[in-house]
Amino acid sequence: MSDNETLFSNILQPAATLKAYAPMGVKFWENQGTALEGLKEFAEGWFARRQKGMQAALEAAQHIGVAETPSDILQGYQNWFRREMELLAEDGKAYQQQVLRAGANLRAQAEEEQEVMRSAAHQSAQQGEEVLRAAAQPSARQEAPQNGKRRTG
């Protein structure tokens, strides 16, 4: 291998290493899309539950407004409060599911990143070995024999 070819391969080595990391970058942005879809689903569910809560509060206020006895008022309040607690439990369940999905995605991403890192390290080691082999080989240029005489120009 000539010196120019060795120099050229050394110039390309960082590009090859960056190329090895490209799948990790692609997967990162794919995971971002997945995370955003999950957050959108969670937010839409949260707003739907808030609308149900608002409707339950409106019905309770109407029931309390027409109540004839204190026990009717208390019954309307208890019905509203029970419904709000059910919705709060649904919020907690939806949040838990969102966190579990995010954790699973992060774990999968970390495993893929480790695989990419192993692959890149292996590729880098191979390229390093090639450079060392090329450096160990005698140059294609033949040097002038040394006879102890100085050349004069």
# chains A, B, ... in the order shown; residues from 1 in each chain; ligands from 1
call {"tool": "residues_around", "arguments": {"residues": "Phe81 (chain A)", "least_positions_apart": "4", "cutoff": "10 Å", "atoms": "only C-alpha atoms", "output": "JSON, numbers by chain"}}
result
{"A": [53, 56, 57, 60, 75, 76, 77, 85, 86, 87]}
call {"tool": "residues_around", "arguments": {"residues": "Ser119 (chain A)", "least_positions_apart": "2", "cutoff": "12 Å", "atoms": "only C-alpha atoms", "output": "PDB file with N, CA and C atoms, in the first residue's frame"}}
result
ATOM      1  N   ALA A  16     -15.938   6.605   8.586  1.00  0.00           N
ATOM      2  CA  ALA A  16     -16.436   5.242   8.742  1.00  0.00           C
ATOM      3  C   ALA A  16     -16.949   5.032  10.165  1.00  0.00           C
ATOM      4  N   THR A  17     -16.258   5.586  11.145  1.00  0.00           N
ATOM      5  CA  THR A  17     -16.699   5.463  12.534  1.00  0.00           C
ATOM      6  C   THR A  17     -18.023   6.189  12.730  1.00  0.00           C
ATOM      7  N   LEU A  18     -18.137   7.396  12.174  1.00  0.00           N
ATOM      8  CA  LEU A  18     -19.402   8.129  12.281  1.00  0.00           C
ATOM      9  C   LEU A  18     -20.528   7.365  11.597  1.00  0.00           C
ATOM     10  N   LYS A  19     -20.224   6.758  10.489  1.00  0.00           N
ATOM     11  CA  LYS A  19     -21.231   5.982   9.776  1.00  0.00           C
ATOM     12  C   LYS A  19     -21.705   4.809  10.630  1.00  0.00           C
ATOM     13  N   ALA A  20     -20.808   4.250  11.417  1.00  0.00           N
ATOM     14  CA  ALA A  20     -21.179   3.132  12.287  1.00  0.00           C
ATOM     15  C   ALA A  20     -22.166   3.584  13.361  1.00  0.00           C
ATOM     16  N   TYR A  21     -22.091   4.845  13.768  1.00  0.00           N
ATOM     17  CA  TYR A  21     -22.993   5.372  14.793  1.00  0.00           C
ATOM     18  C   TYR A  21     -24.316   5.876  14.210  1.00  0.00           C
ATOM     19  N   ALA A  22     -24.439   5.969  12.919  1.00  0.00           N
ATOM     20  CA  ALA A  22     -25.649   6.498  12.285  1.00  0.00           C
ATOM     21  C   ALA A  22     -26.911   5.742  12.687  1.00  0.00           C
ATOM     22  N   PRO A  23     -26.916   4.421  12.765  1.00  0.00           N
ATOM     23  CA  PRO A  23     -28.146   3.731  13.180  1.00  0.00           C
ATOM     24  C   PRO A  23     -28.620   4.136  14.571  1.00  0.00           C
ATOM     25  N   MET A  24     -27.672   4.479  15.443  1.00  0.00           N
ATOM     26  CA  MET A  24     -28.048   4.910  16.781  1.00  0.00           C
ATOM     27  C   MET A  24     -28.797   6.248  16.718  1.00  0.00           C
ATOM     28  N   GLU A 112     -29.859  -1.426  21.997  1.00  0.00           N
ATOM     29  CA  GLU A 112     -29.443  -1.201  20.608  1.00  0.00           C
ATOM     30  C   GLU A 112     -28.192  -0.330  20.550  1.00  0.00           C
ATOM     31  N   GLU A 113     -28.114   0.674  21.434  1.00  0.00           N
ATOM     32  CA  GLU A 113     -26.930   1.527  21.462  1.00  0.00           C
ATOM     33  C   GLU A 113     -25.697   0.721  21.857  1.00  0.00           C
ATOM     34  N   GLN A 114     -25.850  -0.195  22.805  1.00  0.00           N
ATOM     35  CA  GLN A 114     -24.721  -1.032  23.196  1.00  0.00           C
ATOM     36  C   GLN A 114     -24.254  -1.879  22.021  1.00  0.00           C
ATOM     37  N   GLU A 115     -25.194  -2.403  21.255  1.00  0.00           N
ATOM     38  CA  GLU A 115     -24.833  -3.216  20.094  1.00  0.00           C
ATOM     39  C   GLU A 115     -24.103  -2.370  19.048  1.00  0.00           C
ATOM     40  N   VAL A 116     -24.582  -1.143  18.832  1.00  0.00           N
ATOM     41  CA  VAL A 116     -23.922  -0.248  17.880  1.00  0.00           C
ATOM     42  C   VAL A 116     -22.518   0.096  18.377  1.00  0.00           C
ATOM     43  N   MET A 117     -22.388   0.334  19.680  1.00  0.00           N
ATOM     44  CA  MET A 117     -21.072   0.658  20.244  1.00  0.00           C
ATOM     45  C   MET A 117     -20.110  -0.516  20.078  1.00  0.00           C
ATOM     46  N   ALA A 121     -16.801  -0.295  17.871  1.00  0.00           N
ATOM     47  CA  ALA A 121     -15.502  -0.594  18.474  1.00  0.00           C
ATOM     48  C   ALA A 121     -14.793  -1.689  17.684  1.00  0.00           C
ATOM     49  N   HIS A 122     -15.551  -2.692  17.276  1.00  0.00           N
ATOM     50  CA  HIS A 122     -14.972  -3.783  16.490  1.00  0.00           C
ATOM     51  C   HIS A 122     -14.454  -3.244  15.156  1.00  0.00           C
ATOM     52  N   GLN A 123     -15.268  -2.402  14.511  1.00  0.00           N
ATOM     53  CA  GLN A 123     -14.869  -1.836  13.223  1.00  0.00           C
ATOM     54  C   GLN A 123     -13.640  -0.945  13.388  1.00  0.00           C
ATOM     55  N   SER A 124     -13.623  -0.154  14.439  1.00  0.00           N
ATOM     56  CA  SER A 124     -12.481   0.726  14.690  1.00  0.00           C
ATOM     57  C   SER A 124     -11.217  -0.092  14.957  1.00  0.00           C
ATOM     58  N   ALA A 125     -11.363  -1.188  15.694  1.00  0.00           N
ATOM     59  CA  ALA A 125     -10.209  -2.046  15.966  1.00  0.00           C
ATOM     60  C   ALA A 125      -9.683  -2.665  14.681  1.00  0.00           C
ATOM     61  N   GLN A 126     -10.602  -3.089  13.820  1.00  0.00           N
ATOM     62  CA  GLN A 126     -10.175  -3.657  12.542  1.00  0.00           C
ATOM     63  C   GLN A 126      -9.435  -2.626  11.711  1.00  0.00           C
TER      64      GLN A 126
END
call {"tool": "closest_residue", "arguments": {"among": "A:Asn31, A:Gln137, A:Gln78, A:Gln62", "to": "Ala102 (chain A)", "atoms": "only C-alpha atoms"}}
result
A:Asn31
call {"tool": "residues_around", "arguments": {"residues": "region 41-50 of chain A", "least_positions_apart": "5", "cutoff": "8 Å", "atoms": "only C-alpha atoms", "output": "count of residues only"}}
result
5
call {"tool": "closest_residue", "arguments": {"among": "A:Val26, A:Leu74, A:Ala35, A:Ala61", "to": "Leu106 (chain A)", "atoms": "only C-alpha atoms"}}
result
A:Ala35
call {"tool": "atom_distance", "arguments": {"atom1": "CA of Glu68 (chain A)", "atom2": "CA of Lys52 (chain A)"}}
result
25.9 Å
call {"tool": "decode", "arguments": {"residues": "region 36-149 of chain A", "atoms": "C-alpha atoms", "output": "compact mmCIF listing (two decimals), in the first residue's frame"}}
result
# COMPACT_ATOMS: atom_id res chain seq x y z
CA LEU A 36 -44.43 11.82 21.37
CA GLU A 37 -47.19 9.49 20.17
CA GLY A 38 -47.42 8.01 23.67
CA LEU A 39 -47.57 11.45 25.27
CA LYS A 40 -50.24 12.53 22.79
CA GLU A 41 -52.32 9.45 23.65
CA PHE A 42 -51.88 10.14 27.37
CA ALA A 43 -52.82 13.83 27.00
CA GLU A 44 -55.91 13.02 24.92
CA GLY A 45 -57.03 10.51 27.58
CA TRP A 46 -56.39 13.06 30.31
CA PHE A 47 -58.54 15.68 28.55
CA ALA A 48 -61.32 13.13 28.00
CA ARG A 49 -61.27 12.30 31.72
CA ARG A 50 -61.30 16.00 32.64
CA GLN A 51 -64.38 16.46 30.44
CA LYS A 52 -66.08 13.55 32.24
CA GLY A 53 -65.12 15.14 35.57
CA MET A 54 -66.53 18.47 34.48
CA GLN A 55 -69.76 16.76 33.41
CA ALA A 56 -70.01 14.96 36.77
CA ALA A 57 -69.48 18.26 38.61
CA LEU A 58 -72.16 19.95 36.51
CA GLU A 59 -74.63 17.14 37.24
CA ALA A 60 -73.79 17.31 40.96
CA ALA A 61 -74.31 21.08 41.00
CA GLN A 62 -77.68 20.64 39.26
CA HIS A 63 -78.69 17.87 41.69
CA ILE A 64 -77.61 19.92 44.71
CA GLY A 65 -79.51 22.92 43.31
CA VAL A 66 -82.81 21.07 43.29
CA ALA A 67 -82.19 19.01 46.45
CA GLU A 68 -84.93 19.22 49.04
CA THR A 69 -83.09 17.82 52.06
CA PRO A 70 -79.55 17.93 53.43
CA SER A 71 -79.21 14.20 52.76
CA ASP A 72 -80.04 14.83 49.05
CA ILE A 73 -77.29 17.46 48.97
CA LEU A 74 -74.86 15.04 50.62
CA GLN A 75 -75.87 12.29 48.16
CA GLY A 76 -75.16 14.60 45.19
CA TYR A 77 -71.78 15.54 46.65
CA GLN A 78 -70.86 11.90 47.34
CA ASN A 79 -71.80 10.86 43.79
CA TRP A 80 -69.64 13.62 42.35
CA PHE A 81 -66.73 12.82 44.70
CA ARG A 82 -66.91 9.08 43.89
CA ARG A 83 -66.81 9.83 40.16
CA GLU A 84 -63.84 12.19 40.60
CA MET A 85 -61.92 9.53 42.54
CA GLU A 86 -62.63 6.98 39.78
CA LEU A 87 -61.29 9.42 37.21
CA LEU A 88 -58.25 10.11 39.39
CA ALA A 89 -57.56 6.36 39.59
CA GLU A 90 -57.85 6.16 35.77
CA ASP A 91 -55.33 9.03 35.54
CA GLY A 92 -52.93 7.11 37.77
CA LYS A 93 -53.34 3.94 35.73
CA ALA A 94 -52.79 5.79 32.44
CA TYR A 95 -49.70 7.51 33.89
CA GLN A 96 -48.31 4.19 35.12
CA GLN A 97 -48.80 2.63 31.68
CA GLN A 98 -47.09 5.61 30.04
CA VAL A 99 -44.09 5.34 32.36
CA LEU A 100 -43.83 1.58 31.79
CA ARG A 101 -43.93 2.02 27.99
CA ALA A 102 -41.31 4.77 28.17
CA GLY A 103 -39.09 2.57 30.33
CA ALA A 104 -39.42 -0.34 27.91
CA ASN A 105 -38.52 1.95 24.99
CA LEU A 106 -35.50 3.33 26.86
CA ARG A 107 -34.29 -0.17 27.68
CA ALA A 108 -34.65 -1.28 24.07
CA GLN A 109 -32.82 1.84 22.91
CA ALA A 110 -30.00 1.28 25.41
CA GLU A 111 -29.57 -2.32 24.24
CA GLU A 112 -29.44 -1.20 20.61
CA GLU A 113 -26.93 1.53 21.46
CA GLN A 114 -24.72 -1.03 23.20
CA GLU A 115 -24.83 -3.22 20.09
CA VAL A 116 -23.92 -0.25 17.88
CA MET A 117 -21.07 0.66 20.24
CA ARG A 118 -19.75 -2.91 20.14
CA SER A 119 -19.98 -2.91 16.36
CA ALA A 120 -18.25 0.47 16.08
CA ALA A 121 -15.50 -0.59 18.47
CA HIS A 122 -14.97 -3.78 16.49
CA GLN A 123 -14.87 -1.84 13.22
CA SER A 124 -12.48 0.73 14.69
CA ALA A 125 -10.21 -2.05 15.97
CA GLN A 126 -10.18 -3.66 12.54
CA GLN A 127 -9.29 -0.35 10.90
CA GLY A 128 -6.54 0.21 13.48
CA GLU A 129 -5.11 -3.22 12.72
CA GLU A 130 -5.15 -2.41 8.99
CA VAL A 131 -3.28 0.85 9.62
CA LEU A 132 -0.70 -0.98 11.76
CA ARG A 133 -0.26 -3.66 9.10
CA ALA A 134 0.17 -1.00 6.43
CA ALA A 135 2.73 0.82 8.57
CA ALA A 136 4.65 -2.41 9.17
CA GLN A 137 4.95 -3.17 5.46
CA PRO A 138 7.96 -1.75 3.66
CA SER A 139 7.23 1.35 1.67
CA ALA A 140 6.77 1.04 -2.07
CA ARG A 141 9.56 3.62 -2.52
CA GLN A 142 13.07 2.30 -2.45
CA GLU A 143 15.49 4.46 -0.61
CA ALA A 144 18.90 5.19 -2.13
CA PRO A 145 21.60 2.94 -0.77
CA GLN A 146 23.70 4.49 1.96
CA ASN A 147 27.40 4.40 0.93
CA GLY A 148 28.72 7.03 3.28
CA LYS A 149 29.15 9.66 0.60
